[in-house]
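Just start-v1.cif here, mmCIF, C-alpha atoms:
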```cif
data_model
#
loop_
_atom_site.label_atom_id
_atom_site.label_comp_id
_atom_site.auth_asym_id
_atom_site.auth_seq_id
_atom_site.Cartn_x
_atom_site.Cartn_y
_atom_site.Cartn_z
CA MET E 11 128.08 -104.21 -28.94
CA PHE E 12 125.87 -104.14 -32.03
CA GLU E 13 128.16 -101.73 -33.87
CA GLU E 14 131.32 -103.57 -32.83
CA GLY E 15 129.88 -106.88 -33.98
CA ALA E 16 128.94 -105.40 -37.34
CA ALA E 17 132.44 -103.97 -37.79
CA LEU E 18 134.14 -107.28 -36.97
CA LYS E 19 131.86 -109.20 -39.32
CA SER E 20 132.71 -106.77 -42.09
CA GLU E 21 136.42 -107.09 -41.35
CA ARG E 22 136.73 -110.86 -40.86
CA GLY E 23 133.61 -112.22 -42.55
CA ALA E 24 130.33 -112.97 -40.79
CA GLU E 25 131.04 -116.71 -40.77
CA ASN E 26 134.13 -116.11 -38.61
CA ILE E 27 132.39 -114.05 -35.92
CA HIS E 28 130.28 -115.77 -33.25
CA ASP E 29 128.12 -113.00 -31.79
CA PHE E 30 126.57 -113.82 -28.41
CA THR E 31 126.02 -110.25 -27.22
CA LEU E 32 122.47 -109.12 -27.91
CA GLY E 33 119.22 -110.45 -26.46
CA ASN E 34 117.35 -110.45 -29.76
CA PRO E 35 114.96 -113.45 -29.67
CA TYR E 36 115.63 -116.08 -32.31
CA GLY E 37 113.25 -116.42 -35.23
CA GLU E 38 110.21 -114.55 -36.49
CA PRO E 39 106.82 -113.94 -34.85
CA PRO E 40 104.52 -117.00 -34.72
CA PRO E 41 102.64 -117.61 -37.99
CA ALA E 42 99.24 -117.05 -36.33
CA LEU E 43 100.39 -113.66 -35.10
CA ALA E 44 101.72 -112.76 -38.56
CA GLU E 45 98.30 -113.66 -39.99
CA GLU E 46 96.57 -111.48 -37.40
CA MET E 47 98.84 -108.54 -38.23
CA ALA E 48 98.10 -108.99 -41.94
CA ARG E 49 94.36 -109.10 -41.19
CA LEU E 50 94.48 -105.92 -39.12
CA ALA E 51 96.51 -104.12 -41.77
CA ALA E 52 94.16 -105.20 -44.57
CA SER E 53 90.90 -104.49 -42.70
CA PRO E 54 91.63 -102.12 -39.84
CA PRO E 55 88.81 -101.46 -37.39
CA PRO E 56 87.53 -97.87 -37.43
CA GLY E 57 89.79 -95.53 -35.48
CA LEU E 58 92.63 -98.03 -35.18
CA HIS E 59 95.28 -95.30 -35.32
CA LYS E 60 93.55 -92.77 -33.06
CA TYR E 61 94.00 -92.02 -29.37
CA MET E 62 92.34 -94.29 -26.87
CA SER E 63 92.31 -94.39 -23.07
CA ASN E 64 95.87 -93.90 -21.86
CA ALA E 65 95.60 -97.33 -20.21
CA GLY E 66 94.92 -98.99 -23.58
CA TYR E 67 92.05 -100.74 -25.33
CA PRO E 68 89.58 -102.21 -22.79
CA GLU E 69 89.26 -105.51 -24.67
CA VAL E 70 93.04 -105.99 -24.74
CA ARG E 71 93.38 -105.18 -21.05
CA ALA E 72 90.61 -107.68 -20.31
CA ALA E 73 92.47 -110.39 -22.26
CA VAL E 74 95.66 -109.66 -20.33
CA ALA E 75 93.77 -109.73 -17.03
CA HIS E 76 92.18 -113.10 -17.87
CA ASP E 77 95.60 -114.61 -18.56
CA LEU E 78 96.99 -113.20 -15.31
CA ALA E 79 94.00 -114.47 -13.35
CA VAL E 80 94.44 -117.98 -14.73
CA MET E 81 98.19 -117.92 -14.02
CA THR E 82 98.06 -116.45 -10.50
CA GLY E 83 94.63 -117.40 -9.18
CA LEU E 84 93.98 -113.71 -8.34
CA PRO E 85 90.93 -111.71 -9.46
CA PHE E 86 92.68 -109.52 -12.04
CA THR E 87 90.38 -107.42 -14.21
CA GLY E 88 91.08 -105.04 -17.06
CA GLU E 89 91.08 -102.20 -14.54
CA ASN E 90 94.31 -103.61 -13.07
CA VAL E 91 96.15 -103.39 -16.41
CA VAL E 92 97.92 -100.58 -18.26
CA MET E 93 99.22 -101.34 -21.75
CA THR E 94 102.78 -100.02 -22.08
CA VAL E 95 105.67 -99.47 -24.46
CA GLY E 96 107.27 -102.82 -23.63
CA ALA E 97 108.49 -103.98 -20.23
CA ALA E 98 110.96 -101.08 -20.18
CA GLY E 99 108.05 -98.66 -20.41
CA ALA E 100 106.22 -100.63 -17.73
CA MET E 101 109.22 -100.45 -15.38
CA ALA E 102 109.63 -96.72 -15.95
CA VAL E 103 105.93 -96.11 -15.30
CA ALA E 104 105.86 -98.30 -12.17
CA LEU E 105 108.88 -96.66 -10.58
CA ARG E 106 107.72 -93.14 -11.39
CA ALA E 107 104.34 -93.95 -9.84
CA LEU E 108 105.89 -95.47 -6.70
CA LEU E 109 108.87 -93.32 -5.86
CA SER E 110 109.41 -89.98 -4.20
CA PRO E 111 112.89 -88.40 -4.30
CA GLY E 112 115.30 -90.34 -2.12
CA ASP E 113 113.21 -93.50 -1.90
CA GLU E 114 115.27 -96.69 -2.11
CA VAL E 115 114.79 -99.64 -4.46
CA ILE E 116 116.55 -102.95 -3.85
CA VAL E 117 118.13 -104.47 -6.95
CA LEU E 118 119.41 -108.05 -6.85
CA SER E 119 122.81 -108.53 -8.47
CA PRO E 120 123.41 -109.57 -11.22
CA TYR E 121 120.77 -107.35 -12.79
CA PHE E 122 119.66 -105.83 -16.06
CA VAL E 123 121.77 -102.68 -16.03
CA GLU E 124 119.01 -100.30 -17.09
CA TYR E 125 117.19 -100.87 -13.78
CA LEU E 126 119.61 -98.41 -12.21
CA PHE E 127 118.70 -95.72 -14.73
CA TYR E 128 114.96 -96.32 -14.39
CA ILE E 129 115.26 -95.87 -10.62
CA ARG E 130 117.42 -92.74 -10.83
CA ASN E 131 115.18 -91.23 -13.50
CA ALA E 132 112.31 -91.51 -11.00
CA GLY E 133 114.36 -89.81 -8.28
CA GLY E 134 115.07 -93.04 -6.43
CA VAL E 135 118.23 -94.57 -5.03
CA PRO E 136 119.23 -98.09 -6.15
CA VAL E 137 120.48 -100.37 -3.36
CA THR E 138 122.35 -103.37 -4.75
CA VAL E 139 122.13 -106.70 -2.91
CA GLU E 140 124.23 -109.65 -4.04
CA THR E 141 122.59 -112.99 -4.77
CA ASP E 142 124.22 -116.27 -3.74
CA GLU E 143 126.61 -118.41 -5.79
CA ARG E 144 123.68 -119.87 -7.75
CA PHE E 145 122.19 -116.41 -8.32
CA GLN E 146 119.29 -117.02 -5.95
CA PRO E 147 118.18 -114.21 -3.59
CA ASP E 148 120.14 -114.03 -0.35
CA LEU E 149 117.21 -113.42 1.96
CA HIS E 150 119.37 -112.42 4.93
CA ALA E 151 121.15 -109.84 2.77
CA VAL E 152 117.82 -108.49 1.52
CA GLU E 153 116.53 -108.20 5.08
CA ALA E 154 119.67 -106.34 6.15
CA ALA E 155 119.32 -103.88 3.26
CA LEU E 156 115.76 -102.82 4.13
CA THR E 157 115.36 -99.35 5.65
CA PRO E 158 112.49 -96.94 6.34
CA ARG E 159 113.22 -95.46 2.88
CA THR E 160 112.82 -98.78 1.05
CA ARG E 161 109.88 -98.43 -1.31
CA ALA E 162 110.36 -101.35 -3.69
CA ILE E 163 112.40 -104.37 -4.71
CA ILE E 164 112.84 -105.46 -8.32
CA VAL E 165 112.27 -109.18 -8.87
CA ASN E 166 113.45 -110.55 -12.23
CA SER E 167 112.69 -114.26 -12.66
CA PRO E 168 113.78 -115.77 -15.01
CA ASN E 169 116.74 -113.50 -14.58
CA ASN E 170 118.74 -111.56 -17.14
CA PRO E 171 121.70 -112.28 -17.20
CA SER E 172 121.92 -115.45 -15.06
CA GLY E 173 118.83 -117.38 -16.13
CA ALA E 174 117.98 -118.05 -12.47
CA VAL E 175 114.33 -118.84 -11.71
CA TYR E 176 113.14 -118.15 -8.17
CA PRO E 177 111.18 -121.02 -6.55
CA ALA E 178 107.86 -120.55 -4.79
CA LYS E 179 109.33 -121.01 -1.32
CA THR E 180 111.89 -118.25 -1.93
CA LEU E 181 109.20 -115.83 -3.10
CA ALA E 182 107.02 -116.68 -0.10
CA ALA E 183 109.93 -116.14 2.27
CA LEU E 184 110.76 -112.85 0.57
CA ASP E 185 107.15 -111.72 1.03
CA GLY E 186 107.41 -112.55 4.73
CA ILE E 187 110.55 -110.47 5.08
CA LEU E 188 108.96 -107.49 3.31
CA THR E 189 105.78 -107.76 5.39
CA ALA E 190 107.78 -107.81 8.63
CA ALA E 191 109.73 -104.74 7.46
CA GLU E 192 106.47 -102.93 6.64
CA ARG E 193 105.25 -103.52 10.19
CA ARG E 194 108.59 -102.46 11.63
CA PHE E 195 108.82 -99.24 9.63
CA GLY E 196 105.14 -98.41 9.16
CA THR E 197 105.59 -98.32 5.36
CA THR E 198 104.50 -100.21 2.26
CA ILE E 199 107.09 -102.04 0.14
CA TYR E 200 106.23 -103.19 -3.37
CA ALA E 201 107.78 -105.90 -5.52
CA VAL E 202 108.13 -104.82 -9.15
CA SER E 203 108.21 -108.13 -11.00
CA ASP E 204 109.96 -107.84 -14.37
CA GLU E 205 108.76 -110.92 -16.29
CA PRO E 206 109.64 -110.72 -20.01
CA TYR E 207 111.21 -114.22 -19.89
CA ARG E 208 108.54 -116.02 -17.86
CA LYS E 209 107.51 -118.25 -20.79
CA ILE E 210 111.12 -119.21 -21.55
CA VAL E 211 111.77 -121.92 -18.97
CA PHE E 212 113.86 -125.02 -19.63
CA ARG E 213 113.01 -128.68 -19.38
CA GLY E 214 112.17 -129.77 -15.85
CA LYS E 215 111.94 -126.20 -14.52
CA GLN E 216 108.90 -124.14 -13.57
CA PHE E 217 108.14 -120.43 -13.34
CA THR E 218 106.23 -119.29 -10.25
CA PRO E 219 104.47 -115.94 -10.68
CA PRO E 220 105.62 -113.64 -7.86
CA ALA E 221 102.08 -112.23 -7.69
CA SER E 222 100.84 -115.67 -6.64
CA MET E 223 103.19 -115.73 -3.62
CA MET E 224 103.57 -112.04 -2.71
CA ARG E 225 100.96 -109.40 -1.89
CA ASN E 226 102.22 -106.00 -3.07
CA VAL E 227 103.21 -106.82 -6.66
CA LEU E 228 103.33 -104.88 -9.91
CA VAL E 229 103.87 -107.09 -12.97
CA ALA E 230 105.90 -105.71 -15.89
CA TYR E 231 105.62 -107.79 -19.06
CA SER E 232 106.77 -107.58 -22.65
CA HIS E 233 105.88 -109.54 -25.78
CA SER E 234 109.42 -108.99 -27.08
CA LYS E 235 110.60 -112.46 -26.07
CA ASP E 236 107.56 -114.74 -26.28
CA LEU E 237 106.19 -113.39 -29.58
CA ASN E 238 109.55 -112.24 -31.03
CA LEU E 239 108.52 -108.57 -31.21
CA PRO E 240 111.35 -106.62 -29.53
CA GLY E 241 111.27 -103.80 -32.05
CA GLU E 242 107.54 -103.19 -31.68
CA ARG E 243 107.66 -102.24 -27.99
CA ILE E 244 104.43 -103.74 -26.73
CA GLY E 245 103.84 -104.90 -23.17
CA TYR E 246 101.89 -104.10 -20.05
CA LEU E 247 101.98 -103.18 -16.39
CA ALA E 248 99.53 -104.86 -14.01
CA VAL E 249 98.88 -104.04 -10.37
CA SER E 250 97.92 -107.00 -8.20
CA PRO E 251 94.30 -106.70 -7.07
CA VAL E 252 95.41 -107.54 -3.50
CA ALA E 253 98.21 -104.94 -3.39
CA ALA E 254 98.04 -102.09 -0.92
CA ASP E 255 96.47 -98.93 -2.39
CA ALA E 256 95.85 -100.85 -5.63
CA GLU E 257 93.18 -98.52 -6.98
CA GLU E 258 95.19 -95.36 -6.31
CA LEU E 259 98.34 -96.99 -7.67
CA ILE E 260 96.62 -97.97 -10.92
CA GLU E 261 95.47 -94.38 -11.39
CA ALA E 262 99.02 -93.16 -10.77
CA CYS E 263 100.37 -95.63 -13.36
CA VAL E 264 97.86 -94.48 -15.98
CA PHE E 265 98.83 -90.86 -15.31
CA CYS E 266 102.57 -91.62 -15.46
CA ASN E 267 102.12 -93.53 -18.72
CA ARG E 268 101.00 -90.22 -20.19
CA ILE E 269 103.34 -87.71 -18.56
CA LEU E 270 106.43 -89.81 -19.26
CA GLY E 271 105.67 -89.25 -22.94
CA PHE E 272 104.32 -92.67 -23.88
CA VAL E 273 100.67 -91.41 -23.96
CA ASN E 274 99.51 -94.91 -24.89
CA ALA E 275 101.03 -98.17 -26.10
CA PRO E 276 101.11 -98.68 -29.91
CA SER E 277 97.50 -99.13 -30.98
CA PHE E 278 98.10 -101.61 -33.81
CA PHE E 279 100.15 -103.98 -31.68
CA GLN E 280 97.80 -103.79 -28.73
CA LEU E 281 95.14 -105.37 -30.93
CA ALA E 282 97.61 -107.70 -32.64
CA VAL E 283 98.65 -109.40 -29.39
CA GLU E 284 95.19 -109.56 -27.80
CA LYS E 285 94.51 -113.17 -28.83
CA PHE E 286 97.97 -114.49 -27.96
CA GLN E 287 98.30 -113.83 -24.24
CA GLY E 288 98.33 -117.52 -23.34
CA LEU E 289 100.39 -118.72 -26.30
CA PRO E 290 103.49 -120.61 -25.10
CA ALA E 291 106.89 -119.57 -26.36
CA ASP E 292 108.96 -121.90 -28.52
CA VAL E 293 112.03 -122.66 -26.38
CA SER E 294 113.36 -125.58 -28.44
CA VAL E 295 116.27 -123.67 -30.01
CA TYR E 296 117.22 -122.09 -26.69
CA GLN E 297 117.10 -125.48 -24.96
CA GLU E 298 119.38 -127.04 -27.58
CA ASN E 299 121.82 -124.12 -27.53
CA ARG E 300 121.90 -124.16 -23.73
CA ASP E 301 122.69 -127.86 -23.62
CA LEU E 302 125.34 -127.62 -26.34
CA LEU E 303 127.24 -124.77 -24.68
CA LEU E 304 126.95 -126.22 -21.19
CA GLY E 305 128.55 -129.37 -22.60
CA VAL E 306 131.38 -127.35 -24.14
CA PHE E 307 131.94 -125.42 -20.92
CA SER E 308 131.95 -128.61 -18.85
CA ARG E 309 134.54 -130.23 -21.13
CA THR E 310 136.79 -127.18 -21.21
CA GLY E 311 136.66 -126.21 -17.53
CA ILE E 312 134.57 -123.04 -17.82
CA GLU E 313 132.37 -122.87 -14.72
CA CYS E 314 128.70 -122.09 -15.35
CA VAL E 315 125.58 -122.42 -13.22
CA PRO E 316 123.02 -124.01 -15.59
CA PRO E 317 120.27 -121.49 -16.28
CA SER E 318 116.68 -122.51 -15.58
CA GLY E 319 115.15 -119.96 -17.93
CA ALA E 320 115.61 -116.91 -20.19
CA PHE E 321 118.11 -117.25 -23.04
CA TYR E 322 121.46 -116.46 -21.46
CA LEU E 323 124.38 -118.26 -19.86
CA PHE E 324 126.40 -116.41 -17.22
CA PRO E 325 129.68 -118.32 -16.78
CA LYS E 326 132.53 -117.44 -14.48
CA SER E 327 135.49 -115.91 -16.26
CA PRO E 328 138.50 -118.29 -16.34
CA ALA E 329 140.70 -115.20 -15.93
CA ALA E 330 140.77 -113.02 -12.84
CA ASP E 331 140.38 -110.04 -15.12
CA GLU E 332 137.12 -110.60 -16.96
CA MET E 333 137.94 -107.86 -19.47
CA ALA E 334 141.11 -109.74 -20.45
CA PHE E 335 138.98 -112.80 -21.08
CA VAL E 336 136.41 -110.85 -23.10
CA SER E 337 139.24 -109.36 -25.16
CA ALA E 338 140.77 -112.79 -25.73
CA ALA E 339 137.35 -114.11 -26.77
CA LYS E 340 137.13 -111.35 -29.36
CA GLY E 341 140.48 -112.51 -30.69
CA GLU E 342 138.91 -115.94 -31.27
CA GLY E 343 135.91 -114.33 -32.97
CA ILE E 344 133.60 -114.76 -29.96
CA LEU E 345 131.65 -111.72 -28.78
CA VAL E 346 130.29 -111.77 -25.22
CA VAL E 347 129.36 -109.14 -22.62
CA PRO E 348 131.41 -108.58 -19.46
CA GLY E 349 129.60 -109.41 -16.23
CA SER E 350 130.55 -106.14 -14.55
CA GLY E 351 127.96 -104.48 -16.76
CA PHE E 352 125.35 -106.53 -14.88
CA GLY E 353 126.76 -105.83 -11.45
CA ARG E 354 128.68 -109.09 -11.11
CA ALA E 355 132.35 -108.82 -12.04
CA GLY E 356 134.28 -111.99 -12.83
CA HIS E 357 131.57 -113.34 -15.13
CA PHE E 358 130.45 -112.86 -18.72
CA ARG E 359 127.08 -113.15 -20.44
CA VAL E 360 126.43 -115.37 -23.45
CA ALA E 361 123.16 -114.74 -25.31
CA ILE E 362 122.03 -118.09 -26.73
CA CYS E 363 119.20 -116.62 -28.82
CA VAL E 364 121.00 -117.51 -32.04
CA SER E 365 120.71 -120.37 -34.50
CA THR E 366 121.95 -123.77 -33.37
CA GLY E 367 124.20 -123.69 -36.43
CA THR E 368 125.89 -120.57 -35.03
CA VAL E 369 126.50 -122.35 -31.74
CA ARG E 370 127.91 -125.45 -33.44
CA ARG E 371 130.25 -123.37 -35.62
CA SER E 372 131.52 -121.58 -32.51
CA ILE E 373 132.55 -124.73 -30.62
CA PRO E 374 136.15 -124.92 -31.96
CA ALA E 375 136.61 -121.24 -31.09
CA TRP E 376 135.34 -121.84 -27.54
CA GLU E 377 137.71 -124.79 -27.17
CA GLN E 378 140.65 -122.73 -28.42
CA LEU E 379 139.71 -119.87 -26.10
CA ALA E 380 139.42 -122.13 -23.04
CA ALA E 381 142.81 -123.70 -23.82
CA ARG E 382 144.41 -120.27 -23.56
CA PHE E 383 143.25 -119.98 -19.94
CA GLN E 384 143.97 -123.44 -18.60
CA GLY E 385 145.73 -123.14 -15.28
CA GLY E 386 144.10 -119.78 -14.62
CA GLU E 387 146.33 -117.59 -16.76
CA GLY E 388 145.58 -116.56 -20.30
CA ARG E 389 148.21 -116.37 -23.00
CA PRO E 390 148.33 -113.15 -25.03
#
```
Represent the structure of the file as structure tokens.
Amino acid sequence: MFEEGAALKSERGAENIHDFTLGNPYGEPPPALAEEMARLAASPPPGLHKYMSNAGYPEVRAAVAHDLAVMTGLPFTGENVVMTVGAAGAMAVALRALLSPGDEVIVLSPYFVEYLFYIRNAGGVPVTVETDERFQPDLHAVEAALTPRTRAIIVNSPNNPSGAVYPAKTLAALDGILTAAERRFGTTIYAVSDEPYRKIVFRGKQFTPPASMMRNVLVAYSHSKDLNLPGERIGYLAVSPVAADAEELIEACVFCNRILGFVNAPSFFQLAVEKFQGLPADVSVYQENRDLLLGVFSRTGIECVPPSGAFYLFPKSPAADEMAFVSAAKGEGILVVPGSGFGRAGHFRVAICVSTGTVRRSIPAWEQLAARFQGGEGRP
């Protein structure tokens, strides 16, 4: 997508291409963080660039644990935390620590496509379960998918690509279903909560930490989205202090962080983000872009469930063949991602982490595109 967008911009002019493909957060890191990075670079503490515990700096882990304790009401300590190479690293570590070959992991569709690879890389088997028409978990479908081989379920709220946020009552009900299955099968089932968008929640909506409603939770977090640091790969994995086998699981995660090749999270950025765990994300641009595009879609007949969080829209394709729609969009200079890549055909993803000016300039192109598909059939 990145390469194709660059080629089209070169061919037609950047001002004529409206690129909504990549989830790069809008803007630069917060000024206070930039100042902290400059301070660390100018006066680095002794040994800044040397090895440390594979779990990360104790003071950074303690800061993370304090933030988690405040957010969830659980007694997190630094011993529950492993600093990782972003949320992707955290997911890879968690699944490698949890899974034996053939173990099953439930993935709610639509999903971030790389979940499937993380699971398979750890020897596991992904089991896809569809969400409902508003992208909320279908609890009956989840219950039906559980087997004696189920080891984990991935929970991603706010969700990429749909922007769905799971309410407290849904998480509590999900925990009840997993607990009943554990008793039935004599196993332990963990929820791996992928939370890089938890601070990006829209007006009137609220994020509920899964760890506050569910017992066996591992939290994967990244500062890519809240501090605008996707290229620096800094995040963490935290094991709930009330999870089954928590102490043994933490040790397994520390070990896997090393043997997967990460060794430890980047030392400089561990220290850089220490003071900013509780800093809220600036969602103002995403809120405005969301509202603008939802208005355009409403006027032009493109169906879209309004997202509650993250920075994506996941509309329904006006054409039966979503690839035909994505191709037609490209003809209008609009770049989007087909929904089949996220396990939900018939939709497309729009990344709204762009300038509001980009969104406004794209509106005539969206209107022209929608006109081509009025009545359900697109014109070539």
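Residues matched by the PyMOL selection byres ((chain E and resi 326-339) around 8) in this file: E:Ile312, E:Glu313, E:Cys314, E:Phe324, E:Pro325, E:Lys340, E:Gly341, E:Glu342, E:Gly343, E:Ile344, E:Leu345, E:Val346, E:Val347, E:Pro348, E:Gly349, E:Ala355, E:Gly356, E:His357, E:Phe358, E:Leu379, E:Ala380, E:Phe383, E:Gln384, E:Gly386, E:Glu387, E:Gly388, E:Pro390.
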I need the residues from that last selection saved to file as a PDB file, keeping the file's coordinate frame (with C-alpha atoms), if you can.
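Listed below is the output, part_15.pdb:
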```pdb
ATOM      1  CA  ILE E 312     134.570-123.040 -17.820  1.00  0.00           C
ATOM      2  CA  GLU E 313     132.370-122.870 -14.720  1.00  0.00           C
ATOM      3  CA  CYS E 314     128.700-122.090 -15.350  1.00  0.00           C
ATOM      4  CA  PHE E 324     126.400-116.410 -17.220  1.00  0.00           C
ATOM      5  CA  PRO E 325     129.680-118.320 -16.780  1.00  0.00           C
ATOM      6  CA  LYS E 340     137.130-111.350 -29.360  1.00  0.00           C
ATOM      7  CA  GLY E 341     140.480-112.510 -30.690  1.00  0.00           C
ATOM      8  CA  GLU E 342     138.910-115.940 -31.270  1.00  0.00           C
ATOM      9  CA  GLY E 343     135.910-114.330 -32.970  1.00  0.00           C
ATOM     10  CA  ILE E 344     133.600-114.760 -29.960  1.00  0.00           C
ATOM     11  CA  LEU E 345     131.650-111.720 -28.780  1.00  0.00           C
ATOM     12  CA  VAL E 346     130.290-111.770 -25.220  1.00  0.00           C
ATOM     13  CA  VAL E 347     129.360-109.140 -22.620  1.00  0.00           C
ATOM     14  CA  PRO E 348     131.410-108.580 -19.460  1.00  0.00           C
ATOM     15  CA  GLY E 349     129.600-109.410 -16.230  1.00  0.00           C
ATOM     16  CA  ALA E 355     132.350-108.820 -12.040  1.00  0.00           C
ATOM     17  CA  GLY E 356     134.280-111.990 -12.830  1.00  0.00           C
ATOM     18  CA  HIS E 357     131.570-113.340 -15.130  1.00  0.00           C
ATOM     19  CA  PHE E 358     130.450-112.860 -18.720  1.00  0.00           C
ATOM     20  CA  LEU E 379     139.710-119.870 -26.100  1.00  0.00           C
ATOM     21  CA  ALA E 380     139.420-122.130 -23.040  1.00  0.00           C
ATOM     22  CA  PHE E 383     143.250-119.980 -19.940  1.00  0.00           C
ATOM     23  CA  GLN E 384     143.970-123.440 -18.600  1.00  0.00           C
ATOM     24  CA  GLY E 386     144.100-119.780 -14.620  1.00  0.00           C
ATOM     25  CA  GLU E 387     146.330-117.590 -16.760  1.00  0.00           C
ATOM     26  CA  GLY E 388     145.580-116.560 -20.300  1.00  0.00           C
ATOM     27  CA  PRO E 390     148.330-113.150 -25.030  1.00  0.00           C
TER      28      PRO E 390
END
```
Legend entry - Evaluate the PyMOL selection byres ((chain E and resi 70) around 10) and report residues as JSON, numbers by chain: {"E": [66, 67, 68, 69, 71, 72, 73, 74, 75, 76, 88, 91, 92, 93, 280, 281, 282, 283, 284, 285, 287]}
Export, as a short mmCIF file (atom, residue, chain, number, x, y, z; two decimals), in the coordinates of the input, the selected residues with C-alpha atoms.
```
data_model
loop_
_atom_site.label_atom_id
_atom_site.label_comp_id
_atom_site.auth_asym_id
_atom_site.auth_seq_id
_atom_site.Cartn_x
_atom_site.Cartn_y
_atom_site.Cartn_z
CA GLY E 66 94.92 -98.99 -23.58
CA TYR E 67 92.05 -100.74 -25.33
CA PRO E 68 89.58 -102.21 -22.79
CA GLU E 69 89.26 -105.51 -24.67
CA ARG E 71 93.38 -105.18 -21.05
CA ALA E 72 90.61 -107.68 -20.31
CA ALA E 73 92.47 -110.39 -22.26
CA VAL E 74 95.66 -109.66 -20.33
CA ALA E 75 93.77 -109.73 -17.03
CA HIS E 76 92.18 -113.10 -17.87
CA GLY E 88 91.08 -105.04 -17.06
CA VAL E 91 96.15 -103.39 -16.41
CA VAL E 92 97.92 -100.58 -18.26
CA MET E 93 99.22 -101.34 -21.75
CA GLN E 280 97.80 -103.79 -28.73
CA LEU E 281 95.14 -105.37 -30.93
CA ALA E 282 97.61 -107.70 -32.64
CA VAL E 283 98.65 -109.40 -29.39
CA GLU E 284 95.19 -109.56 -27.80
CA LYS E 285 94.51 -113.17 -28.83
CA GLN E 287 98.30 -113.83 -24.24
#
```
Inset, instruction - May I ask for the distance between atom CA of Phe321 of chain E and atom CA of Ala248 of chain E, given in Å to one decimal place? - result: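 About the pair atom CA of Phe321 of chain E and atom CA of Ala248 of chain E: they are 24.1 Å apart.
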Legend entry - Target residues per the PyMOL selection byres ((chain E and resi 263-266) around 8), formatted as a VMD selection string: chain E and resid 64 to 65 92 103 to 104 106 to 107 259 to 262 267 to 270
Legend entry - Val117 of chain E environment, 8 Å, only C-alpha atoms, sequence neighbours closer than 6 positions dropped, as number ranges by chain: E: 125, 136-139, 163-165
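The list of residues with at least one atom within 12 Å of Thr189 of chain E, based on only C-alpha atoms and without residues fewer than 2 positions apart in the same chain, reads Glu153, Leu156, Ala182, Ala183, Leu184, Asp185, Gly186, Ile187, Ala191, Glu192, Arg193, Arg194, Phe195, Gly196, Thr197, Thr198, Ile199, Tyr200, Ala201, Met224, Arg225, Asn226, Ala253 and Ala254 of chain E.
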Inset, instruction - Would you list the contacts of Ala98 of chain E as a list of chain:residue names, taking every protein, DNA or RNA residue within 9 Å and counting all atoms listed in the file, but skipping same-chain residues closer than 6 positions in sequence? - result: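 Contacts, in chain order: E:Glu124, E:Tyr125, E:Tyr128, E:Asp204, E:Ala230, E:Tyr231, E:Ser232, E:Arg243, E:Gly245.
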Taking C-alpha atoms for each residue, export the selection above as a short mmCIF file (atom, residue, chain, number, x, y, z; two decimals), keeping the file's coordinate frame.
```cif
data_model
loop_
_atom_site.label_atom_id
_atom_site.label_comp_id
_atom_site.auth_asym_id
_atom_site.auth_seq_id
_atom_site.Cartn_x
_atom_site.Cartn_y
_atom_site.Cartn_z
CA GLU E 124 119.01 -100.30 -17.09
CA TYR E 125 117.19 -100.87 -13.78
CA TYR E 128 114.96 -96.32 -14.39
CA ASP E 204 109.96 -107.84 -14.37
CA ALA E 230 105.90 -105.71 -15.89
CA TYR E 231 105.62 -107.79 -19.06
CA SER E 232 106.77 -107.58 -22.65
CA ARG E 243 107.66 -102.24 -27.99
CA GLY E 245 103.84 -104.90 -23.17
#
```
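The smallest atom-to-atom distance between Leu50 of chain E and any of E:Phe279, E:Leu32, E:Ala24, E:Pro219, using all atoms listed in the file, is found for E:Phe279.
Coordinates place atom CA of Thr160 of chain E at a distance of 20.0 Å from atom CA of Val252 of chain E.
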Inset, instruction - For each of E:Ile362, E:Val306, E:Leu149, E:Arg300, take the minimum atom-to-atom distance to Ala375 of chain E, counting only C-alpha atoms, then give the residue where this is smallest. - result: E:Val306
N, CA and C atoms restored at segment 115-122 of chain E, emitted as a PDB file, in the frame of the given file:
```pdb
ATOM      1  N   VAL E 115     115.276 -98.458  -3.755  1.00  0.00           N
ATOM      2  CA  VAL E 115     114.790 -99.640  -4.460  1.00  0.00           C
ATOM      3  C   VAL E 115     115.890-100.691  -4.412  1.00  0.00           C
ATOM      4  N   ILE E 116     115.570-101.863  -3.901  1.00  0.00           N
ATOM      5  CA  ILE E 116     116.550-102.950  -3.850  1.00  0.00           C
ATOM      6  C   ILE E 116     116.628-103.624  -5.206  1.00  0.00           C
ATOM      7  N   VAL E 117     117.857-103.820  -5.667  1.00  0.00           N
ATOM      8  CA  VAL E 117     118.130-104.470  -6.950  1.00  0.00           C
ATOM      9  C   VAL E 117     119.045-105.660  -6.669  1.00  0.00           C
ATOM     10  N   LEU E 118     118.620-106.841  -7.085  1.00  0.00           N
ATOM     11  CA  LEU E 118     119.410-108.050  -6.850  1.00  0.00           C
ATOM     12  C   LEU E 118     120.450-108.214  -7.949  1.00  0.00           C
ATOM     13  N   SER E 119     121.698-108.415  -7.526  1.00  0.00           N
ATOM     14  CA  SER E 119     122.810-108.530  -8.470  1.00  0.00           C
ATOM     15  C   SER E 119     123.138-110.002  -8.725  1.00  0.00           C
ATOM     16  N   PRO E 120     123.330-110.399 -10.018  1.00  0.00           N
ATOM     17  CA  PRO E 120     123.410-109.570 -11.220  1.00  0.00           C
ATOM     18  C   PRO E 120     122.025-109.120 -11.697  1.00  0.00           C
ATOM     19  N   TYR E 121     122.010-107.987 -12.394  1.00  0.00           N
ATOM     20  CA  TYR E 121     120.770-107.350 -12.790  1.00  0.00           C
ATOM     21  C   TYR E 121     120.880-106.791 -14.200  1.00  0.00           C
ATOM     22  N   PHE E 122     119.718-106.540 -14.796  1.00  0.00           N
ATOM     23  CA  PHE E 122     119.660-105.830 -16.060  1.00  0.00           C
ATOM     24  C   PHE E 122     120.060-104.384 -15.783  1.00  0.00           C
TER      25      PHE E 122
END
```
